[in-house]
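Undergrad: My structure is in coords09.txt, and what it holds is compact mmCIF, C-alpha atoms:
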```
# COMPACT_ATOMS: atom_id res chain seq x y z
CA MET A 197 -46.01 -32.53 17.05
CA SER A 198 -44.07 -35.46 18.50
CA ILE A 199 -44.86 -36.95 21.90
CA GLY A 200 -41.44 -35.86 23.18
CA ILE A 201 -42.12 -32.21 22.27
CA THR A 202 -45.58 -32.39 23.86
CA LEU A 203 -44.16 -33.81 27.08
CA ALA A 204 -41.47 -31.11 27.18
CA LEU A 205 -44.17 -28.44 26.90
CA LEU A 206 -46.14 -30.19 29.64
CA ALA A 207 -43.00 -30.00 31.78
CA ALA A 208 -42.96 -26.24 31.21
CA VAL A 209 -46.63 -26.09 32.23
CA GLY A 210 -45.92 -28.07 35.40
CA TYR A 211 -42.90 -25.97 36.40
CA GLY A 212 -44.58 -22.69 35.52
CA ALA A 213 -47.78 -23.51 37.39
CA ALA A 214 -45.76 -24.67 40.40
CA ASP A 215 -43.89 -21.36 40.45
CA PHE A 216 -47.15 -19.44 40.21
CA VAL A 217 -48.77 -21.34 43.08
CA GLY A 218 -45.62 -21.17 45.20
CA GLY A 219 -45.26 -17.45 44.55
CA ALA A 220 -48.91 -16.80 45.43
CA GLY A 221 -48.55 -18.84 48.59
CA ALA A 222 -45.37 -17.01 49.60
CA ARG A 223 -47.50 -13.87 49.99
CA ARG A 224 -49.45 -15.63 52.74
CA ALA A 225 -47.04 -18.09 54.38
CA PRO A 226 -43.25 -18.49 54.90
CA THR A 227 -41.52 -19.25 51.61
CA MET A 228 -39.21 -21.95 52.98
CA SER A 229 -42.09 -23.86 54.54
CA ILE A 230 -43.93 -23.88 51.21
CA VAL A 231 -40.79 -25.12 49.43
CA PHE A 232 -40.20 -27.81 52.07
CA ILE A 233 -43.78 -29.09 51.91
CA GLY A 234 -43.62 -29.04 48.13
CA GLN A 235 -40.44 -31.10 48.05
CA LEU A 236 -41.85 -33.70 50.45
CA THR A 237 -45.10 -33.87 48.51
CA GLY A 238 -43.22 -34.39 45.27
CA ALA A 239 -41.11 -37.14 46.84
CA ALA A 240 -44.21 -38.93 48.16
CA ALA A 241 -45.90 -38.68 44.76
CA MET A 242 -42.88 -40.17 43.02
CA VAL A 243 -42.73 -43.05 45.53
CA ILE A 244 -46.41 -43.83 44.93
CA VAL A 245 -45.96 -43.75 41.17
CA GLY A 246 -42.83 -45.85 41.51
CA LEU A 247 -44.62 -48.52 43.54
CA ALA A 248 -47.41 -48.65 40.96
CA SER A 249 -44.96 -49.07 38.07
CA PRO A 250 -41.62 -50.14 39.57
CA GLY A 251 -38.39 -49.78 37.65
CA THR A 252 -34.90 -51.14 38.18
CA PRO A 253 -32.80 -48.12 39.15
CA THR A 254 -29.04 -48.50 39.49
CA PRO A 255 -26.73 -46.67 41.93
CA ALA A 256 -25.74 -44.41 39.04
CA ASP A 257 -29.37 -43.43 38.52
CA PHE A 258 -29.67 -42.41 42.16
CA GLY A 259 -26.41 -40.51 41.80
CA TRP A 260 -27.84 -38.48 38.91
CA ALA A 261 -30.98 -37.88 40.99
CA LEU A 262 -28.87 -36.61 43.88
CA LEU A 263 -26.99 -34.26 41.53
CA ALA A 264 -30.32 -33.05 40.13
CA GLY A 265 -31.53 -32.27 43.65
CA LEU A 266 -28.37 -30.36 44.46
CA GLY A 267 -28.64 -28.42 41.19
CA SER A 268 -32.25 -27.53 41.86
CA ALA A 269 -31.45 -26.41 45.40
CA ALA A 270 -28.45 -24.34 44.29
CA GLY A 271 -30.49 -22.73 41.54
CA SER A 272 -33.24 -21.78 43.98
CA ILE A 273 -30.78 -20.40 46.53
CA PHE A 274 -28.98 -18.10 44.09
CA LEU A 275 -32.22 -17.05 42.43
CA LEU A 276 -33.82 -16.19 45.77
CA ARG A 277 -30.69 -14.34 46.86
CA GLY A 278 -30.73 -12.24 43.73
CA LEU A 279 -34.45 -11.54 43.95
CA SER A 280 -34.18 -10.65 47.64
CA ARG A 281 -31.73 -7.91 46.64
CA GLY A 282 -34.36 -6.33 44.43
CA ARG A 283 -32.70 -7.28 41.14
CA MET A 284 -35.48 -9.24 39.47
CA ALA A 285 -35.11 -7.34 36.18
CA LEU A 286 -31.73 -8.94 35.56
CA VAL A 287 -31.65 -12.00 37.83
CA ALA A 288 -34.79 -13.76 36.56
CA PRO A 289 -34.08 -13.61 32.79
CA THR A 290 -30.38 -14.41 33.22
CA SER A 291 -31.31 -17.47 35.27
CA ALA A 292 -33.94 -18.66 32.78
CA VAL A 293 -31.67 -18.30 29.74
CA SER A 294 -28.58 -19.89 31.31
CA ALA A 295 -30.73 -22.81 32.50
CA ALA A 296 -31.65 -23.44 28.86
CA VAL A 297 -28.15 -23.02 27.41
CA LEU A 298 -26.29 -25.55 29.59
CA PRO A 299 -28.36 -28.59 28.48
CA VAL A 300 -27.98 -27.53 24.84
CA LEU A 301 -24.19 -27.54 25.25
CA ALA A 302 -24.37 -30.89 27.07
CA GLY A 303 -26.46 -32.33 24.25
CA LEU A 304 -24.00 -31.14 21.63
CA ALA A 305 -21.16 -32.68 23.62
CA GLY A 306 -23.12 -35.93 23.68
CA GLY A 307 -23.52 -35.97 19.91
CA GLU A 308 -26.94 -34.35 19.43
CA ARG A 309 -27.25 -32.50 16.10
CA PRO A 310 -30.64 -30.78 15.66
CA VAL A 311 -31.82 -29.97 12.15
CA ALA A 312 -31.69 -26.37 10.89
CA LEU A 313 -35.34 -25.55 11.64
CA VAL A 314 -34.96 -26.73 15.23
CA TRP A 315 -31.78 -24.66 15.59
CA ILE A 316 -33.68 -21.56 14.48
CA GLY A 317 -36.36 -22.34 17.07
CA LEU A 318 -33.79 -22.84 19.82
CA VAL A 319 -32.06 -19.56 18.99
CA LEU A 320 -35.39 -17.71 18.89
CA ALA A 321 -36.47 -19.22 22.23
CA LEU A 322 -33.58 -17.67 24.17
CA PRO A 323 -34.54 -14.00 23.67
CA GLY A 324 -38.16 -15.04 24.15
CA ILE A 325 -37.35 -16.55 27.55
CA TRP A 326 -35.34 -13.44 28.47
CA LEU A 327 -38.11 -11.03 27.53
CA VAL A 328 -40.97 -12.93 29.12
CA SER A 329 -39.01 -13.37 32.37
CA ARG A 330 -37.99 -9.74 32.62
CA GLN A 331 -39.81 -7.49 35.06
CA VAL A 332 -39.50 -3.72 34.64
CA PRO A 333 -38.18 -2.28 37.92
CA ASP A 334 -40.54 0.17 39.61
CA GLY A 335 -37.78 2.23 41.15
CA ALA A 336 -38.83 1.40 44.68
CA GLY A 337 -36.07 -1.04 45.42
CA PRO A 338 -32.35 -1.39 44.88
CA SER A 339 -30.89 -1.11 41.42
CA SER A 340 -31.56 -4.02 39.12
CA GLY A 341 -28.23 -3.73 37.33
CA GLY A 342 -24.71 -4.56 38.22
CA ARG A 343 -22.31 -7.45 38.25
CA GLY A 344 -23.83 -9.00 41.39
CA ALA A 345 -27.26 -9.35 39.80
CA PHE A 346 -25.78 -10.98 36.71
CA THR A 347 -23.72 -13.39 38.84
CA ASP A 348 -26.72 -14.41 40.95
CA GLY A 349 -28.79 -15.05 37.84
CA LEU A 350 -26.00 -16.92 36.07
CA LEU A 351 -25.29 -19.20 39.04
CA GLY A 352 -28.99 -19.78 39.60
CA GLY A 353 -29.46 -20.73 35.97
CA LEU A 354 -26.45 -23.04 36.02
CA GLY A 355 -28.00 -24.80 39.00
CA PHE A 356 -31.25 -25.34 37.12
CA GLY A 357 -29.25 -26.35 34.06
CA VAL A 358 -27.53 -29.04 36.13
CA LEU A 359 -31.01 -30.17 37.21
CA PHE A 360 -32.08 -30.57 33.57
CA VAL A 361 -28.87 -32.30 32.48
CA ALA A 362 -28.94 -34.71 35.43
CA LEU A 363 -32.62 -35.58 34.96
CA GLY A 364 -31.86 -36.24 31.31
CA GLN A 365 -29.41 -38.99 32.29
CA ILE A 366 -31.98 -41.08 34.17
CA PRO A 367 -33.10 -43.91 31.86
CA GLU A 368 -36.66 -45.09 31.42
CA SER A 369 -35.79 -48.40 33.07
CA ALA A 370 -35.04 -46.61 36.37
CA GLY A 371 -38.68 -45.77 37.03
CA THR A 372 -39.58 -42.83 39.26
CA LEU A 373 -37.86 -43.72 42.54
CA PRO A 374 -34.76 -41.67 41.57
CA LEU A 375 -37.06 -38.67 41.20
CA ALA A 376 -38.12 -39.18 44.81
CA VAL A 377 -34.45 -38.93 45.80
CA ASN A 378 -34.24 -35.71 43.79
CA GLN A 379 -37.14 -34.23 45.74
CA LEU A 380 -35.86 -35.44 49.13
CA THR A 381 -32.47 -33.88 48.44
CA GLY A 382 -34.21 -30.58 47.79
CA ALA A 383 -36.11 -30.90 51.07
CA LEU A 384 -32.93 -31.51 53.07
CA VAL A 385 -31.14 -28.59 51.41
CA THR A 386 -34.17 -26.40 52.14
CA ILE A 387 -33.90 -27.25 55.85
CA ALA A 388 -30.17 -26.50 55.84
CA VAL A 389 -30.54 -23.16 54.03
CA ALA A 390 -33.50 -22.09 56.15
CA THR A 391 -31.59 -22.94 59.31
CA VAL A 392 -28.56 -20.91 58.22
CA LEU A 393 -30.75 -17.96 57.24
CA ARG A 394 -32.87 -18.38 60.39
CA GLN A 395 -36.06 -18.68 58.39
CA THR A 396 -39.07 -20.85 59.16
CA TRP A 397 -39.22 -24.13 57.25
CA ARG A 398 -41.47 -26.22 59.51
CA PRO A 399 -44.87 -26.91 57.94
CA GLY A 400 -47.67 -24.64 59.09
CA ARG A 401 -51.40 -24.68 58.46
CA GLY A 402 -51.26 -21.70 56.13
CA ALA A 403 -48.50 -23.21 53.98
CA ALA A 404 -49.85 -26.75 53.59
CA GLY A 405 -52.28 -26.24 50.72
CA TRP A 406 -49.91 -24.04 48.73
CA GLY A 407 -46.95 -26.37 49.29
CA ILE A 408 -48.83 -29.55 48.41
CA THR A 409 -50.27 -28.06 45.22
CA SER A 410 -46.96 -26.56 44.17
CA GLY A 411 -45.15 -29.82 44.94
CA LEU A 412 -47.52 -31.94 42.87
CA LEU A 413 -47.26 -29.56 39.93
CA GLY A 414 -43.46 -29.45 40.14
CA ALA A 415 -43.21 -33.22 40.41
CA SER A 416 -45.45 -33.62 37.36
CA GLY A 417 -43.14 -31.24 35.51
CA SER A 418 -40.06 -33.32 36.42
CA LEU A 419 -41.80 -36.55 35.45
CA ALA A 420 -42.83 -35.09 32.08
CA PHE A 421 -39.28 -33.78 31.56
CA VAL A 422 -37.69 -37.18 32.19
CA GLU A 423 -40.17 -38.92 29.88
CA ALA A 424 -39.61 -36.28 27.20
CA GLY A 425 -35.87 -36.85 27.46
CA HIS A 426 -36.39 -40.46 26.43
CA LEU A 427 -38.09 -39.37 23.21
CA ALA A 428 -36.31 -36.18 22.10
CA ASP A 429 -32.90 -34.51 22.26
CA LEU A 430 -31.93 -33.20 25.70
CA GLY A 431 -31.18 -29.70 24.41
CA VAL A 432 -34.57 -29.39 22.73
CA VAL A 433 -36.43 -30.74 25.76
CA ALA A 434 -34.57 -28.44 28.15
CA VAL A 435 -35.20 -25.31 26.07
CA LEU A 436 -38.90 -26.09 25.78
CA ALA A 437 -39.13 -26.82 29.52
CA SER A 438 -37.33 -23.52 30.16
CA LEU A 439 -40.35 -21.73 28.67
CA TYR A 440 -41.99 -22.17 32.09
CA PRO A 441 -41.77 -18.40 32.88
CA ALA A 442 -44.27 -17.83 30.08
CA VAL A 443 -46.73 -20.12 31.86
CA THR A 444 -46.23 -18.27 35.14
CA VAL A 445 -46.72 -14.91 33.44
CA LEU A 446 -49.87 -16.04 31.63
CA LEU A 447 -51.38 -17.45 34.83
CA ALA A 448 -50.63 -14.19 36.65
CA ARG A 449 -52.26 -12.28 33.81
CA THR A 450 -55.32 -14.53 33.69
CA LEU A 451 -55.95 -15.19 37.38
CA LEU A 452 -54.53 -12.11 39.06
CA GLY A 453 -55.07 -9.53 36.35
CA GLU A 454 -51.38 -8.53 36.28
CA ARG A 455 -50.45 -6.35 33.32
CA LEU A 456 -47.80 -7.44 30.85
CA GLY A 457 -45.13 -5.11 29.54
CA ALA A 458 -44.43 -4.65 25.84
CA GLY A 459 -41.28 -6.74 26.18
CA GLN A 460 -43.22 -9.61 27.74
CA HIS A 461 -45.75 -9.55 24.92
CA LEU A 462 -42.88 -9.74 22.42
CA GLY A 463 -41.32 -12.54 24.45
CA LEU A 464 -44.53 -14.56 24.29
CA VAL A 465 -44.57 -14.13 20.51
CA CYS A 466 -40.96 -15.32 20.27
CA CYS A 467 -41.67 -18.31 22.50
CA SER A 468 -44.73 -19.27 20.46
CA ALA A 469 -42.79 -19.03 17.21
CA ALA A 470 -39.95 -21.07 18.70
CA VAL A 471 -42.33 -23.85 19.72
CA GLY A 472 -43.81 -23.91 16.22
CA LEU A 473 -40.40 -24.13 14.56
CA ILE A 474 -39.14 -26.85 16.90
CA ALA A 475 -42.33 -28.87 16.45
CA ALA A 476 -42.13 -28.50 12.66
CA GLY A 477 -38.52 -29.67 12.69
```
Here is the file; what I need is its structure written in the form of structure tokens.

TA:
Amino acid sequence: MSIGITLALLAAVGYGAADFVGGAGARRAPTMSIVFIGQLTGAAAMVIVGLASPGTPTPADFGWALLAGLGSAAGSIFLLRGLSRGRMALVAPTSAVSAAVLPVLAGLAGGERPVALVWIGLVLALPGIWLVSRQVPDGAGPSSGGRGAFTDGLLGGLGFGVLFVALGQIPESAGTLPLAVNQLTGALVTIAVATVLRQTWRPGRGAAGWGITSGLLGASGSLAFVEAGHLADLGVVAVLASLYPAVTVLLARTLLGERLGAGQHLGLVCCSAAVGLIAAG
């Protein structure tokens, strides 16, 4: 398995673990405050890493970082809006799959041409991501179907896809300071959205530990993603990083004892096979 593939999988682990910690913390503290603390923590971590190993970022690099931050914020907003309407069964998998597809299309437009075995793995990963992300509705909330749920998921996924594409444009020579800009942009957007929605974003004692942990994990995921993008095709890296829901599901199963549906078990099998095929290619 190449270093680029390994780093892409580590990005999935970072993102998935960050989502798990953030989700667990949201049961105990305001969601927006956890997100805000996480974004600031990630920015601080990237500044520290950048000072230890400085790069030479250009204005264009910071521009891509700003776009990545806006994409991440937009993805989170639409995803949260869809989930708040009780449409997780359609919103979450649509978001995860569309986040993976956009970078693949961008890579093809940029001249990337994966070999046949990798293509099979990429195609197999998409239903795997869908299945492992899908939660069976319990009938207690609003309907999980409908055009609105699909739109929320699609727009959320496009936002995350923009995040992946933009991060993939930041060269190794730029160092990690552009990633700090990415995180700070997310923090500012979090404040703006929380203010509009009249939700609490100011750090509180109960949110600090969850936000800091989630932020460090998410920042490590972004750092691994950018490094992977220097060593492997953007489309491949993005699809592997988009396997992060599998990490979240496995952590919930292991640490919280949550049961997995038959579809999620099948999704994990598809994701595992996809990783094997991509690595072999």

Undergrad: Enclose segment 368-376 of chain A, meaning all of its atoms listed in the file, in a box aligned along x, y and z, pad it by 3 Å on each side, and list the centre and edge lengths in Å to one decimal, as AutoDock Vina command-line options.

TA:
```
--center_x -37.2 --center_y -43.5 --center_z 38.1 --size_x 10.8 --size_y 15.7 --size_z 19.4
```

Undergrad: Please report as CSV every residue of segment 348-387 of chain A lying within 10 Å of segment 411-426 of chain A, along with the nearest atom pair and their distance in Å (one decimal), using only C-alpha atoms.

TA:
```
residue,atom,partner,partner_atom,distance
A:Leu359,CA,A:Ser418,CA,9.6
A:Phe360,CA,A:Phe421,CA,8.1
A:Val361,CA,A:Gly425,CA,9.7
A:Ala362,CA,A:Val422,CA,9.7
A:Leu363,CA,A:Val422,CA,6.0
A:Gly364,CA,A:Gly425,CA,5.6
A:Gln365,CA,A:Gly425,CA,8.3
A:Ile366,CA,A:Val422,CA,7.2
A:Pro367,CA,A:His426,CA,7.2
A:Glu368,CA,A:His426,CA,6.8
A:Gly371,CA,A:Leu419,CA,9.9
A:Thr372,CA,A:Leu419,CA,7.7
A:Leu375,CA,A:Leu419,CA,7.7
A:Ala376,CA,A:Ala415,CA,9.0
A:Asn378,CA,A:Ser418,CA,9.7
A:Gln379,CA,A:Ala415,CA,8.1
```

Undergrad: Nearest residue to Ala469 of chain A out of A:Leu436, A:Leu373, A:Ser329, A:Gly218, using all atoms listed in the file?

TA: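 Selected residue with least distance to Ala469 of chain A: A:Leu436.
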
Undergrad: At a cut-off of 12 Å, using all atoms listed in the file, what residues contact Ala305 of chain A? Leave out same-chain residues fewer than 3 positions from it and give the result as a PyMOL selection string.

TA: chain A and resi 298-302+308-309+361+429-431

Undergrad: Can you work out which one of A:Val432, A:Leu205, A:Phe346, A:Phe232 has the shortest atom-to-atom distance to Ile387 of chain A, counting only C-alpha atoms?

TA: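 Going through A:Val432, A:Leu205, A:Phe346, A:Phe232 one by one, the smallest distance to Ile387 of chain A is for A:Phe232.
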
Undergrad: Tell me, in Å to one decimal, how far atom CA of Gly200 of chain A is from atom CA of Ala475 of chain A.

TA: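 Separation of atom CA of Gly200 of chain A and atom CA of Ala475 of chain A: 9.7 Å.
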
Undergrad: Using atom CA of Gly382 of chain A and atom CA of Gly265 of chain A as the two end points, give the distance in Å to one decimal.

TA: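 Interatomic distance here is 5.2 Å.
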
Undergrad: Measure the distance from atom CA of Val445 of chain A to atom CA of Thr381 of chain A in Å and round it to one decimal.

TA: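 Atom-to-atom, atom CA of Val445 of chain A and atom CA of Thr381 of chain A are spaced 28.1 Å apart.
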
Undergrad: Find the residue from A:Ala269, A:Ile199, A:Ala288, A:Val243 that sits nearest to Met228 of chain A; use all atoms listed in the file when measuring.

TA: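 Using all atoms listed in the file, the shortest distance to Met228 of chain A belongs to A:Ala269.
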
Undergrad: Within 10 Å of Ala458 of chain A, counting only C-alpha atoms, which residues qualify if same-chain residues fewer than 3 places away don't, as a PyMOL selection string?

TA: chain A and resi 327-328+455+461-463

Undergrad: Between A:Ala225, A:Ile273, A:Leu350, A:Ile230, single out the one closest to Ala388 of chain A, counting only C-alpha atoms.

TA: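 That would be A:Ile273, the residue with the smallest distance to Ala388 of chain A.
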
Undergrad: Measuring atom to atom with all atoms listed in the file, identify which of A:Gly457, A:Gly355, A:Pro289, A:Pro226 is nearest to Trp397 of chain A.

TA: A:Pro226
